[in-house]
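J.: One structure follows; several queries about it will come next.
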Amino acid sequence: MSFVDTLRQWDEAVSCVDKEDLSEAFRIFLSIQEPNSKICFDIGCLHLLKQDLDAAEKAFDCSIRKDEHLAVAFFQRGITFYKKQRYEESLGDFQHAFKALRGNQLIDYKALGLRYKLYACDVLHNMALAEAQLSNWEKAQENLVKALNYKTEFKLNIIDKALQSTLKQKLFKLVEFPSKELFKPNKTYVAELEKKDYLGKAKVVASVVPQDEFSGFAPLQPQVEDGPTGPKEPEVLRALEGEPHTVLFEFVPETSDELAVVPGNIVFVLHKGADNWASVIFNARRGLVPYNYLERLEISLASKQNEVRNELSSIFLLYVDAQPTDNSYIVKVCFTFNFVVSVPPGSSYTTLVEKISKKLNRPFSAITLRCSVNYEISSTVQTDEKTREITLVATHSYESSNPEDLTFHQGDTIRLLSRVNQDWLEGQCNGNTGIFPASFVEEVPVNG
């Protein structure tokens, strides 16, 4: 049984005692599989209340076994032995209780959950009574005289009356533990038993889906190889707060307040400090990023649906790269996803647009191409009047974290398409095209 379950049952049992439902309290107490010393003490007190002395003795035995310094348990077992007329054992337990007091006038058990103060003079009073039952009247008087040194004002009359009784060799009344006073579990722990939602309800911070209210978790989507089968509603990039910026350089956080970003990520700047740190939101996470790593992104959110459609219909052609092996050109197109089409040499602009239109299932008139060819980042090298293709091999596996990334496994062969920057490359692997960290691959040496 867990600590939480034990705590819950203990609290329920004590509540039943407060409601005078002793049978239900017994049932709950006895169902606790591994009771601690305080719970065993409570069970013994209930047995003593019902005058079941044998069961009370066993419960107090268990309490003392689990905590041999619990003076009040020795005191209660001494009372149990006295009621069973086992006066020598009763005297022994009272002596243990007095020893556990260690010369103190009292022990206040309030901090441990029991509203009771065990007074040294009460323990000595009962020790004297046990001695009297054994006809040791002189020792009885000695204990009562000793009790005078530990007395409090409201205990004085009880000790004086007991002393007068011993002088006449008459027995006096036993000091008993108050009925229905039990150890109770810590209120702070009991209050924590109620379930609390520390995370709260998630909310959408930024999304490309209009009226997106989904706040759960979705698996990473695979890279798209072909275009969509049909047109869909226009996607509008929206930010609930902050200004959109694109990340220029990779930033690795050094503290828990900072946020990891890589080139190409779009973040929303909430605040820019005088120390050049910007507070941003990215993927529903908030953190700090150096502002000089960012560049403001101008996003026009058209109010009319047809303006949004026209804006999203523009497709950007990044580069054209020849493949001499099959006498064709591979054209990479960057849209909401990346894909490639193959056209023969000498093809017209109309032929290229028709292929892209067919692949995207969009009207010819809705497509505009913007070509940007950078010969400095070409993945081919002119040697001996022929083109040499650069082939890379993956030294580590890489899982894509963004749609534009390229996923591959250690040992895969990758065809280099371009060098994005010093740290990122673009290539083809297993029919997919995307970018990946340069540190995850190495160039395959050319023989001869």
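Convention: chains lettered A, B, ... in structure tokens order; per-chain residue numbering from 1; ligands numbered from 1 as shown.
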Env of Gly427 (chain A): 6 Å cut, atoms = only C-alpha atoms, seq-sep filter 4 positions within chain, self excluded. Answer as number ranges by chain.
T.: A: 415-417, 433-434
J.: Could you tell me which of A:Lys58, A:Lys187, A:Lys170, A:Lys139 comes closest to Gln76 (chain A) if we count only C-alpha atoms?
T.: A:Lys58
J.: Calculated over only C-alpha atoms, which of the candidates A:His245, A:Ser365, A:Ser401, A:Ile79 has the smallest distance to Thr350 (chain A)?
T.: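 The answer is A:Ser365, which sits nearest to Thr350 (chain A).
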J.: Which value, in Å to one decimal, gives the distance between CA of Arg77 (chain A) and CA of Pro35 (chain A)?
T.: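 Separation of CA of Arg77 (chain A) and CA of Pro35 (chain A): 17.8 Å.
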J.: Please, what distance in Å, to one decimal, runs between CA of Ser256 (chain A) and CA of Pro244 (chain A)?
T.: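 Atom-to-atom, CA of Ser256 (chain A) and CA of Pro244 (chain A) are spaced 22.7 Å apart.
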J.: Run DSSP on the backbone of this structure and report the residues of region 30-200 of chain A it assigns to strand (DSSP E or B), as a list in words.
T.: Leu106, Ile107, Asp108, Lys117, Leu118 and Tyr119 of chain A
J.: Quick check, in Å to one decimal: how far apart do CA of Val441 (chain A) and CA of Thr391 (chain A) lie?
T.: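 Rounded to one decimal, the two atoms are 9.9 Å apart.
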J.: What are the DSSP alpha helix (DSSP H) residues of region 10-177 of chain A, as a short mmCIF file (atom, residue, chain, number, x, y, z; two decimals) with C-alpha atoms, in the first residue's frame?
T.:
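Saved result, result.cif, follows:
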```cif
data_model
loop_
_atom_site.label_atom_id
_atom_site.label_comp_id
_atom_site.auth_asym_id
_atom_site.auth_seq_id
_atom_site.Cartn_x
_atom_site.Cartn_y
_atom_site.Cartn_z
CA TRP A 10 -5.94 6.99 8.29
CA ASP A 11 -7.72 10.33 7.80
CA GLU A 12 -11.03 8.56 6.99
CA ALA A 13 -10.77 6.37 10.11
CA VAL A 14 -10.10 9.32 12.43
CA SER A 15 -13.07 11.17 10.86
CA CYS A 16 -15.29 8.17 11.66
CA VAL A 17 -14.18 8.30 15.32
CA ASP A 18 -15.11 11.99 15.42
CA LEU A 22 -16.38 3.27 15.89
CA SER A 23 -17.24 0.12 13.91
CA GLU A 24 -16.43 1.80 10.59
CA ALA A 25 -13.28 3.32 12.11
CA PHE A 26 -12.16 -0.17 13.19
CA ARG A 27 -12.87 -1.56 9.71
CA ILE A 28 -10.76 1.12 8.01
CA PHE A 29 -7.92 0.99 10.55
CA LEU A 30 -7.65 -2.81 10.31
CA SER A 31 -7.62 -2.68 6.48
CA SER A 37 3.46 3.29 15.16
CA LYS A 38 0.91 6.13 15.44
CA ILE A 39 -1.82 4.14 13.64
CA CYS A 40 -1.12 1.12 15.87
CA PHE A 41 -1.43 3.44 18.88
CA ASP A 42 -4.82 4.67 17.60
CA ILE A 43 -6.03 1.08 17.15
CA GLY A 44 -4.94 0.25 20.71
CA CYS A 45 -6.79 3.27 22.10
CA LEU A 46 -10.02 2.16 20.35
CA HIS A 47 -9.66 -1.38 21.74
CA LEU A 48 -9.07 0.08 25.20
CA LEU A 49 -12.18 2.22 24.77
CA LEU A 53 -7.70 -5.41 26.78
CA ASP A 54 -6.00 -8.30 24.93
CA ALA A 55 -6.42 -6.60 21.53
CA ALA A 56 -5.29 -3.29 23.04
CA GLU A 57 -2.13 -4.92 24.42
CA LYS A 58 -1.25 -6.36 20.97
CA ALA A 59 -1.81 -3.00 19.28
CA PHE A 60 0.41 -1.16 21.80
CA ASP A 61 3.03 -3.93 21.42
CA CYS A 62 3.06 -3.20 17.66
CA SER A 63 3.30 0.55 18.25
CA ILE A 64 6.28 0.17 20.59
CA ARG A 65 8.03 -2.25 18.18
CA LYS A 66 7.80 0.35 15.43
CA ALA A 71 6.66 7.34 25.62
CA VAL A 72 2.87 7.69 25.38
CA ALA A 73 2.62 4.15 23.94
CA PHE A 74 4.45 2.77 27.02
CA PHE A 75 2.10 4.83 29.20
CA GLN A 76 -1.01 3.41 27.49
CA ARG A 77 0.27 -0.18 27.61
CA GLY A 78 1.07 0.33 31.31
CA ILE A 79 -2.57 1.36 31.84
CA THR A 80 -3.69 -1.76 29.90
CA PHE A 81 -1.52 -4.04 32.08
CA TYR A 82 -2.86 -2.33 35.22
CA LYS A 83 -6.45 -3.01 34.16
CA TYR A 87 1.02 -4.82 38.09
CA GLU A 88 4.71 -5.70 37.66
CA GLU A 89 4.47 -5.33 33.85
CA SER A 90 2.44 -2.18 34.36
CA LEU A 91 5.17 -0.75 36.61
CA GLY A 92 7.84 -1.63 34.02
CA ASP A 93 6.00 0.28 31.24
CA PHE A 94 5.48 3.34 33.45
CA GLN A 95 9.21 3.29 34.22
CA HIS A 96 10.00 3.14 30.47
CA ALA A 97 7.67 6.07 29.85
CA PHE A 98 9.37 8.14 32.59
CA LYS A 99 12.80 7.29 31.16
CA ALA A 100 11.67 8.42 27.68
CA ALA A 120 6.17 13.36 34.21
CA CYS A 121 4.16 13.77 37.46
CA ASP A 122 1.30 11.67 35.98
CA VAL A 123 3.72 8.90 35.03
CA LEU A 124 5.23 8.94 38.57
CA HIS A 125 1.71 8.96 40.02
CA ASN A 126 0.86 5.72 38.17
CA MET A 127 4.23 4.21 39.08
CA ALA A 128 3.36 4.85 42.76
CA LEU A 129 -0.05 3.22 42.28
CA ALA A 130 1.54 0.09 40.74
CA GLU A 131 3.98 -0.11 43.67
CA ALA A 132 1.05 0.23 46.07
CA GLN A 133 -0.73 -2.66 44.35
CA TRP A 137 4.15 1.50 50.10
CA GLU A 138 7.51 3.10 50.81
CA LYS A 139 8.46 3.09 47.12
CA ALA A 140 5.01 4.41 46.35
CA GLN A 141 5.62 7.38 48.65
CA GLU A 142 9.08 7.96 47.14
CA ASN A 143 7.58 8.18 43.64
CA LEU A 144 4.91 10.63 44.77
CA VAL A 145 7.46 12.83 46.57
CA LYS A 146 9.52 12.77 43.38
CA ALA A 147 6.39 13.76 41.44
CA LEU A 148 6.19 16.94 43.51
CA LEU A 156 -0.82 19.52 42.80
CA ASN A 157 -4.13 18.43 44.38
CA ILE A 158 -3.99 15.01 42.69
CA ILE A 159 -0.49 14.28 44.02
CA ASP A 160 -1.34 15.56 47.53
CA LYS A 161 -4.41 13.30 47.72
CA ALA A 162 -2.34 10.33 46.54
CA LEU A 163 0.30 11.03 49.22
CA GLN A 164 -2.36 11.14 51.95
CA SER A 165 -3.71 7.79 50.68
CA THR A 166 -0.29 6.12 50.86
CA LEU A 167 0.18 7.27 54.41
#
```
J.: Which residues are close to Val262 (chain A), i.e. within 12 Å by only C-alpha atoms, leaving aside same-chain residues fewer than 6 positions away? Reply as a compact mmCIF listing (two decimals) with N, CA and C atoms, in the first residue's frame.
T.:
```
# COMPACT_ATOMS: atom_id res chain seq x y z
N THR A 246 12.29 35.61 -38.55
CA THR A 246 12.89 34.36 -39.00
C THR A 246 14.28 34.24 -38.36
N VAL A 247 14.68 33.02 -38.04
CA VAL A 247 15.97 32.76 -37.38
C VAL A 247 17.06 32.65 -38.45
N LEU A 248 18.16 33.40 -38.25
CA LEU A 248 19.27 33.40 -39.22
C LEU A 248 20.36 32.40 -38.84
N PHE A 249 20.59 32.24 -37.54
CA PHE A 249 21.69 31.38 -37.09
C PHE A 249 21.19 30.43 -36.01
N GLU A 250 21.85 29.29 -35.90
CA GLU A 250 21.50 28.33 -34.85
C GLU A 250 21.92 28.88 -33.50
N PHE A 251 21.05 28.71 -32.50
CA PHE A 251 21.36 29.16 -31.14
C PHE A 251 21.14 28.00 -30.17
N VAL A 252 22.20 27.66 -29.43
CA VAL A 252 22.14 26.58 -28.45
C VAL A 252 22.03 27.20 -27.05
N PRO A 253 20.96 26.93 -26.32
CA PRO A 253 20.77 27.56 -25.01
C PRO A 253 21.78 27.05 -23.98
N PHE A 282 8.12 30.11 -29.60
CA PHE A 282 8.34 29.19 -30.71
C PHE A 282 7.79 27.83 -30.32
N VAL A 289 16.29 34.61 -26.84
CA VAL A 289 17.15 34.38 -28.00
C VAL A 289 17.86 35.70 -28.31
N TYR A 293 20.34 37.36 -33.88
CA TYR A 293 20.19 36.09 -34.58
C TYR A 293 18.90 36.07 -35.41
N LEU A 294 18.10 37.12 -35.31
CA LEU A 294 16.78 37.14 -35.92
C LEU A 294 16.69 38.22 -36.99
N SER A 401 13.01 17.57 -37.87
CA SER A 401 12.18 18.27 -36.89
C SER A 401 11.28 19.30 -37.56
N ASN A 402 11.52 19.57 -38.85
CA ASN A 402 10.71 20.51 -39.62
C ASN A 402 10.39 19.87 -40.97
N ASP A 405 13.22 19.55 -43.52
CA ASP A 405 14.41 18.76 -43.19
C ASP A 405 14.41 17.43 -43.94
N ASP A 423 26.87 25.62 -41.98
CA ASP A 423 26.45 24.50 -41.11
C ASP A 423 25.38 23.61 -41.72
N TRP A 424 24.68 24.05 -42.76
CA TRP A 424 23.56 23.30 -43.31
C TRP A 424 23.75 23.03 -44.80
N ILE A 435 16.93 19.77 -46.20
CA ILE A 435 18.16 20.27 -45.63
C ILE A 435 18.53 19.44 -44.41
N PHE A 436 19.84 19.49 -44.05
CA PHE A 436 20.32 18.69 -42.94
C PHE A 436 21.63 19.29 -42.46
N PRO A 437 22.06 18.99 -41.20
CA PRO A 437 23.31 19.54 -40.66
C PRO A 437 24.52 18.93 -41.37
```
